[in-house]
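Below is data-v3.tsv, which holds TSV, C-alpha atoms.
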```
chain	number	residue	atom	x	y	z
A	20	MET	CA	-125.31	-81.25	-109.05
A	21	GLY	CA	-126.43	-84.88	-109.08
A	22	LEU	CA	-129.64	-86.26	-107.63
A	23	LEU	CA	-127.76	-87.74	-104.67
A	24	SER	CA	-125.17	-85.97	-102.54
A	25	LYS	CA	-122.25	-87.91	-101.08
A	26	LYS	CA	-124.09	-88.23	-97.77
A	27	ASP	CA	-127.22	-89.48	-99.52
A	28	THR	CA	-125.21	-91.98	-101.55
A	29	LYS	CA	-123.63	-93.35	-98.36
A	30	LEU	CA	-127.11	-94.04	-97.00
A	31	ILE	CA	-127.48	-96.62	-99.77
A	32	THR	CA	-123.92	-97.92	-100.11
A	33	ASP	CA	-122.88	-98.25	-96.45
A	34	PRO	CA	-125.46	-100.95	-95.56
A	35	LEU	CA	-124.30	-102.98	-98.56
A	36	ALA	CA	-120.88	-103.54	-97.02
A	37	ASP	CA	-119.28	-101.79	-94.06
A	38	ASN	CA	-122.51	-101.28	-92.11
A	39	ASN	CA	-124.54	-104.27	-93.26
A	40	PRO	CA	-127.56	-104.84	-90.99
A	41	ILE	CA	-126.99	-108.62	-90.81
A	42	THR	CA	-123.22	-109.10	-90.84
A	43	ILE	CA	-122.18	-105.93	-88.97
A	44	GLN	CA	-125.19	-104.92	-86.87
A	45	VAL	CA	-126.30	-108.57	-86.44
A	46	LEU	CA	-129.98	-107.76	-86.96
A	47	GLY	CA	-132.62	-109.74	-88.85
A	48	ILE	CA	-130.80	-113.03	-88.32
A	49	CYS	CA	-133.99	-115.05	-87.75
A	50	SER	CA	-135.30	-114.76	-91.32
A	51	ALA	CA	-131.79	-115.29	-92.69
A	52	LEU	CA	-131.82	-118.69	-91.00
A	53	ALA	CA	-135.43	-119.63	-91.63
A	54	ILE	CA	-136.31	-118.90	-95.25
A	55	THR	CA	-133.02	-119.14	-97.17
A	56	ALA	CA	-133.19	-122.84	-98.04
A	57	GLU	CA	-134.63	-121.72	-101.40
A	58	LEU	CA	-133.37	-118.82	-103.49
A	59	GLU	CA	-136.86	-117.87	-104.65
A	60	ALA	CA	-138.09	-117.47	-101.06
A	61	SER	CA	-135.00	-115.39	-100.26
A	62	ILE	CA	-135.67	-113.06	-103.20
A	63	VAL	CA	-139.36	-112.64	-102.38
A	64	MET	CA	-138.63	-111.94	-98.72
A	65	SER	CA	-136.00	-109.40	-99.79
A	66	ILE	CA	-138.46	-107.61	-102.07
A	67	SER	CA	-141.07	-107.63	-99.29
A	68	VAL	CA	-138.67	-106.05	-96.80
A	69	LEU	CA	-137.55	-103.55	-99.46
A	70	PHE	CA	-141.14	-102.40	-99.91
A	71	VAL	CA	-141.91	-102.27	-96.18
A	72	MET	CA	-138.72	-100.41	-95.27
A	73	GLY	CA	-138.82	-97.95	-98.15
A	74	VAL	CA	-142.47	-96.98	-97.72
A	75	GLY	CA	-142.44	-97.35	-93.93
A	76	ASN	CA	-139.50	-95.01	-93.45
A	77	VAL	CA	-141.22	-92.34	-95.56
A	78	VAL	CA	-144.51	-92.66	-93.64
A	79	ILE	CA	-142.80	-92.47	-90.25
A	80	SER	CA	-140.73	-89.49	-91.42
A	81	LEU	CA	-143.86	-87.65	-92.58
A	82	MET	CA	-145.55	-88.34	-89.23
A	83	ARG	CA	-142.50	-87.66	-87.06
A	84	ASN	CA	-143.70	-84.27	-85.82
A	85	ILE	CA	-147.19	-85.44	-84.87
A	86	ILE	CA	-146.40	-88.77	-83.17
A	87	PRO	CA	-146.32	-88.38	-79.36
A	88	SER	CA	-143.05	-89.80	-78.06
A	89	LYS	CA	-144.85	-92.01	-75.52
A	90	ILE	CA	-146.67	-93.97	-78.23
A	91	ARG	CA	-144.11	-93.80	-81.04
A	92	ILE	CA	-143.36	-97.54	-80.90
A	93	ILE	CA	-147.08	-98.35	-81.18
A	94	ALA	CA	-147.38	-95.98	-84.13
A	95	GLN	CA	-144.38	-97.60	-85.81
A	96	LEU	CA	-145.87	-101.06	-85.30
A	97	ILE	CA	-149.17	-99.97	-86.82
A	98	VAL	CA	-147.41	-98.59	-89.90
A	99	VAL	CA	-145.25	-101.67	-90.46
A	100	ALA	CA	-148.16	-104.05	-89.73
A	101	THR	CA	-150.31	-102.30	-92.35
A	102	LEU	CA	-147.55	-102.62	-94.96
A	103	VAL	CA	-146.93	-106.27	-94.08
A	104	ILE	CA	-150.64	-107.04	-94.49
A	105	ILE	CA	-150.47	-105.51	-97.99
A	106	VAL	CA	-147.43	-107.67	-98.81
A	107	ASP	CA	-149.15	-110.79	-97.46
A	108	LEU	CA	-152.32	-110.18	-99.49
A	109	VAL	CA	-150.32	-109.55	-102.68
A	110	LEU	CA	-148.38	-112.79	-102.17
A	111	LYS	CA	-151.57	-114.77	-101.59
A	112	ALA	CA	-153.12	-113.26	-104.72
A	113	PHE	CA	-150.19	-113.73	-107.11
A	114	ALA	CA	-147.86	-116.34	-105.54
A	115	TYR	CA	-150.03	-118.50	-103.32
A	116	GLU	CA	-147.69	-121.50	-103.09
A	117	LEU	CA	-144.78	-119.26	-102.17
A	118	SER	CA	-146.90	-117.42	-99.63
A	119	LYS	CA	-147.55	-120.78	-97.93
A	120	THR	CA	-143.81	-121.48	-97.89
A	121	LEU	CA	-143.05	-118.12	-96.28
A	122	SER	CA	-146.21	-118.30	-94.14
A	123	VAL	CA	-145.49	-116.95	-90.66
A	124	PHE	CA	-142.17	-115.38	-91.67
A	125	VAL	CA	-143.92	-112.65	-93.66
A	126	GLY	CA	-145.82	-111.71	-90.53
A	127	LEU	CA	-142.59	-111.63	-88.58
A	128	ILE	CA	-141.42	-108.73	-90.76
A	129	ILE	CA	-143.48	-106.66	-88.32
A	130	THR	CA	-140.96	-107.34	-85.56
A	131	ASN	CA	-137.86	-107.30	-87.78
A	132	CYS	CA	-135.18	-105.50	-85.76
A	133	ILE	CA	-133.78	-103.81	-88.87
A	134	ILE	CA	-137.09	-102.14	-89.74
A	135	MET	CA	-137.97	-101.01	-86.24
A	136	GLY	CA	-134.38	-99.91	-85.70
A	137	ARG	CA	-134.33	-97.67	-88.78
A	138	PHE	CA	-137.74	-96.20	-87.91
A	139	GLU	CA	-136.48	-95.30	-84.45
A	140	ALA	CA	-132.90	-94.30	-85.27
A	141	PHE	CA	-133.35	-92.52	-88.59
A	142	ALA	CA	-136.87	-91.91	-89.89
A	143	LEU	CA	-137.99	-90.13	-86.72
A	144	GLY	CA	-135.18	-87.58	-87.09
A	145	ASN	CA	-134.87	-87.04	-90.84
A	146	GLY	CA	-136.89	-85.90	-93.84
A	147	PRO	CA	-138.83	-88.23	-96.17
A	148	TRP	CA	-136.23	-88.34	-98.99
A	149	ARG	CA	-133.26	-89.26	-96.79
A	150	SER	CA	-135.46	-91.67	-94.82
A	151	PHE	CA	-136.47	-93.35	-98.07
A	152	LEU	CA	-132.83	-93.74	-99.10
A	153	ASP	CA	-131.94	-95.11	-95.68
A	154	GLY	CA	-134.75	-97.64	-95.87
A	155	ILE	CA	-133.80	-98.75	-99.37
A	156	GLY	CA	-130.11	-98.98	-98.45
A	157	ASN	CA	-130.68	-101.13	-95.37
A	158	ALA	CA	-133.22	-103.31	-97.17
A	159	LEU	CA	-130.72	-103.89	-100.00
A	160	GLY	CA	-128.02	-104.74	-97.47
A	161	TYR	CA	-130.40	-107.26	-95.91
A	162	ALA	CA	-131.36	-108.59	-99.35
A	163	VAL	CA	-127.77	-109.13	-100.48
A	164	ILE	CA	-127.06	-111.45	-97.56
A	165	LEU	CA	-130.35	-113.34	-97.96
A	166	VAL	CA	-129.74	-113.90	-101.67
A	167	ILE	CA	-126.13	-115.04	-101.14
A	168	VAL	CA	-127.15	-117.47	-98.39
A	169	GLY	CA	-130.16	-118.71	-100.38
A	170	PHE	CA	-127.99	-119.18	-103.48
A	171	PHE	CA	-125.46	-121.46	-101.80
A	172	ARG	CA	-127.97	-123.34	-99.64
A	173	GLU	CA	-130.20	-124.27	-102.58
A	174	LEU	CA	-127.31	-124.97	-104.95
A	175	LEU	CA	-125.38	-127.23	-102.59
A	176	GLY	CA	-128.38	-128.64	-100.76
A	177	SER	CA	-130.71	-129.40	-103.69
A	178	GLY	CA	-128.56	-128.96	-106.80
A	179	THR	CA	-131.03	-126.39	-108.12
A	180	LEU	CA	-131.42	-122.62	-108.46
A	181	LEU	CA	-134.94	-121.16	-108.45
A	182	GLY	CA	-136.09	-124.78	-108.65
A	183	ILE	CA	-134.19	-125.41	-111.90
A	184	PRO	CA	-131.63	-128.28	-111.83
A	185	VAL	CA	-128.17	-126.87	-112.57
A	186	LEU	CA	-125.86	-129.67	-111.44
A	187	GLY	CA	-127.58	-132.47	-113.31
A	188	ASP	CA	-130.18	-135.10	-112.41
A	189	PRO	CA	-129.47	-136.96	-109.16
A	190	ILE	CA	-131.82	-139.78	-110.18
A	191	GLU	CA	-130.49	-140.31	-113.69
A	192	LYS	CA	-126.94	-139.56	-112.49
A	193	THR	CA	-126.19	-136.90	-115.08
A	194	GLY	CA	-123.94	-133.83	-114.79
A	195	LEU	CA	-121.89	-133.69	-111.61
A	196	TYR	CA	-123.87	-136.60	-110.18
A	197	SER	CA	-122.32	-138.85	-112.83
A	198	ILE	CA	-118.92	-138.48	-111.13
A	199	GLY	CA	-120.20	-139.24	-107.65
A	200	TYR	CA	-121.38	-135.83	-106.42
A	201	GLU	CA	-124.23	-135.90	-103.91
A	202	ASN	CA	-126.38	-133.10	-102.54
A	203	ASN	CA	-125.53	-131.98	-99.03
A	204	GLY	CA	-128.83	-132.25	-97.17
A	205	PHE	CA	-127.32	-130.46	-94.19
A	206	MET	CA	-127.31	-127.25	-96.28
A	207	LEU	CA	-131.11	-127.25	-96.12
A	208	LEU	CA	-131.15	-127.15	-92.32
A	209	SER	CA	-131.24	-123.83	-90.46
A	210	PRO	CA	-127.88	-124.32	-88.65
A	211	MET	CA	-126.13	-124.30	-92.02
A	212	ALA	CA	-127.55	-120.86	-92.76
A	213	LEU	CA	-125.82	-119.60	-89.63
A	214	ILE	CA	-122.55	-121.15	-90.80
A	215	VAL	CA	-122.87	-119.54	-94.25
A	216	VAL	CA	-123.57	-116.15	-92.62
A	217	GLY	CA	-120.51	-116.74	-90.42
A	218	ILE	CA	-118.36	-117.38	-93.49
A	219	ILE	CA	-119.64	-114.15	-95.08
A	220	ILE	CA	-118.77	-112.25	-91.88
A	221	TRP	CA	-115.29	-113.82	-91.88
A	222	VAL	CA	-114.69	-112.87	-95.54
A	223	GLN	CA	-115.95	-109.34	-94.92
A	224	ARG	CA	-113.68	-108.81	-91.95
A	225	SER	CA	-110.72	-110.38	-93.73
A	226	ARG	CA	-111.05	-107.80	-96.51
A	227	ASN	CA	-111.64	-104.86	-94.15
A	228	LYS	CA	-109.57	-105.13	-90.96
A	229	ALA	CA	-111.26	-102.00	-89.56
A	230	LEU	CA	-114.39	-104.09	-88.96
A	231	ILE	CA	-112.57	-106.41	-86.53
A	232	GLU	CA	-113.49	-105.56	-82.94
A	233	ASP	CA	-110.69	-105.11	-80.40
```

Please, can you express the file's structure as structure tokens?
Amino acid sequence: MGLLSKKDTKLITDPLADNNPITIQVLGICSALAITAELEASIVMSISVLFVMGVGNVVISLMRNIIPSKIRIIAQLIVVATLVIIVDLVLKAFAYELSKTLSVFVGLIITNCIIMGRFEAFALGNGPWRSFLDGIGNALGYAVILVIVGFFRELLGSGTLLGIPVLGDPIEKTGLYSIGYENNGFMLLSPMALIVVGIIIWVQRSRNKALIED
């Protein structure tokens, strides 16, 4: 018997596609719009949410039988706030410039609908192992969309990936710029992130008709 049963495997795979927290559940949209102008920021935010959701789900699951129902939301906020503070301190210690770029958005992980939703809907009713898998699965689903959006916004908006020029030099007019290509500055604005997410949703529903609402 493998480490993961079919049900456990679905906890990880479902959020990657047919139950994605951003494109299907429409949660966590704010950060998808705000921090995806650069791929590096998208990746770091994804890793941060992965840590907070994975560890947070386990902690809430372990405490589920001792948290009074009347204060469960407060308890969940305390857990996620503690984990976010750890993430923020680590970023300031090892990636200070990036931490300034993400700034307030790291703090907003505390109120991320995906995290609070999984605490409430899953971790409070399941054991630590399944809660961990659920947290990792939903965080990966969130991360996939952030990375895709960040990839296209930075590539088409700045001509770079992770800050490295990949389309040529727009000043020296090398690479694609030598044949008249210009960066699309609109890609760096938040409204374009919404359009890119919309295109992803359209592609997803085109491939799986069952996702189309009546």

**Asked** Hey, which of A:Glu59, A:Thr120, A:Leu213, A:Asp37 ends up closest to A:Phe170? Count only C-alpha atoms.
**Response**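 Answer, going by the shortest atom-to-atom distance: A:Glu59.
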
**Request:** For each of A:Gly73, A:Gly126, A:Gly169, A:Pro40, take the minimum atom-to-atom distance to A:Ile155, counting all atoms listed in the file, then give the residue where this is smallest.
**Result:** A:Gly73

**Message:** Which residue is closest to A:Ala100? Choose from A:Thr130, A:Ser88, A:Thr193, A:Asn76 and count only C-alpha atoms.
**Reply:** A:Thr130

**Asked** From the set A:Val77, A:Ile129, A:Leu180, A:Phe124, which residue has the shortest atom-to-atom contact distance to A:Ile54, counting all atoms listed in the file?
**Response**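 With all atoms listed in the file as the atom set, the closest residue is A:Phe124.
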
**Item:** Spatial neighbours of stretch 133-143 of chain A, 10 Å, only C-alpha atoms, chain gap at least 4 places, as number ranges by chain
**Value:** A: 40-41, 44-48, 68-69, 71-73, 75-84, 86, 91-92, 95-96, 99, 128-129, 147-151, 153-154, 157-158, 161

**Message:** If we count all atoms listed in the file and set the cut-off at 9 Å, which residues sit around A:Ala162, ignoring sequence neighbours fewer than 6 positions away in its own chain? Please answer as a VMD selection string.
**Reply:** chain A and resid 61 to 62 64 to 66 68 to 69

**Prompt:** Mind pulling up the distance from atom CA of A:Gly156 to atom CA of A:Leu207?
**Reply:**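 Result for atom CA of A:Leu207 versus atom CA of A:Gly156: 28.4 Å, one decimal.
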
**Prompt:** atom CA of A:Ile43 to atom CA of A:Val106: how many Å, to one decimal?
**Reply:** 27.2 Å

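In this structure, atom CA of A:Ile85 sits 19.9 Å away from atom CA of A:Leu102.
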
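Nearest-residue note for A:Ile167: choosing from A:Thr55, A:Thr28, A:Asn38, A:Ser50, the minimum distance belongs to A:Thr55, counting all atoms listed in the file.
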
**Residue with smallest distance to A:Leu165 - pool A:Ile190, A:Val103, A:Cys49, A:Leu195, counting only C-alpha atoms** = A:Cys49

**Item:** Protein and nucleic acid residues near (-127.9, -124.1, -92.0) (cut-off 12 Å, all atoms listed in the file) as a PyMOL selection string
**Value:** chain A and resi 49-57+168-169+171-173+175-176+203-218

Work out where the centre of an axis-aligned box around every listed atom of stretch 197-201 of chain A lies and how long its edges are once 3 Å is added on each side; give both in Å to one decimal as lines of an AutoDock Vina configuration file.
```
center_x = -121.6
center_y = -137.5
center_z = -108.4
size_x = 11.3
size_y = 9.4
size_z = 14.9
```

**Request:** Would you kindly return, as JSON, numbers by chain, each protein, DNA or RNA residue with an atom no farther than 8 Å from any atom of A:Leu186, considering all atoms listed in the file and excluding same-chain residues fewer than 5 positions away?
**Result:** {"A": [178, 179, 194, 195, 196]}

Print the selection's residues with C-alpha atoms to a file, as a CSV table (one decimal), in the frame of the given file.
```csv
chain,number,residue,atom,x,y,z
A,178,GLY,CA,-128.6,-129.0,-106.8
A,179,THR,CA,-131.0,-126.4,-108.1
A,194,GLY,CA,-123.9,-133.8,-114.8
A,195,LEU,CA,-121.9,-133.7,-111.6
A,196,TYR,CA,-123.9,-136.6,-110.2
```
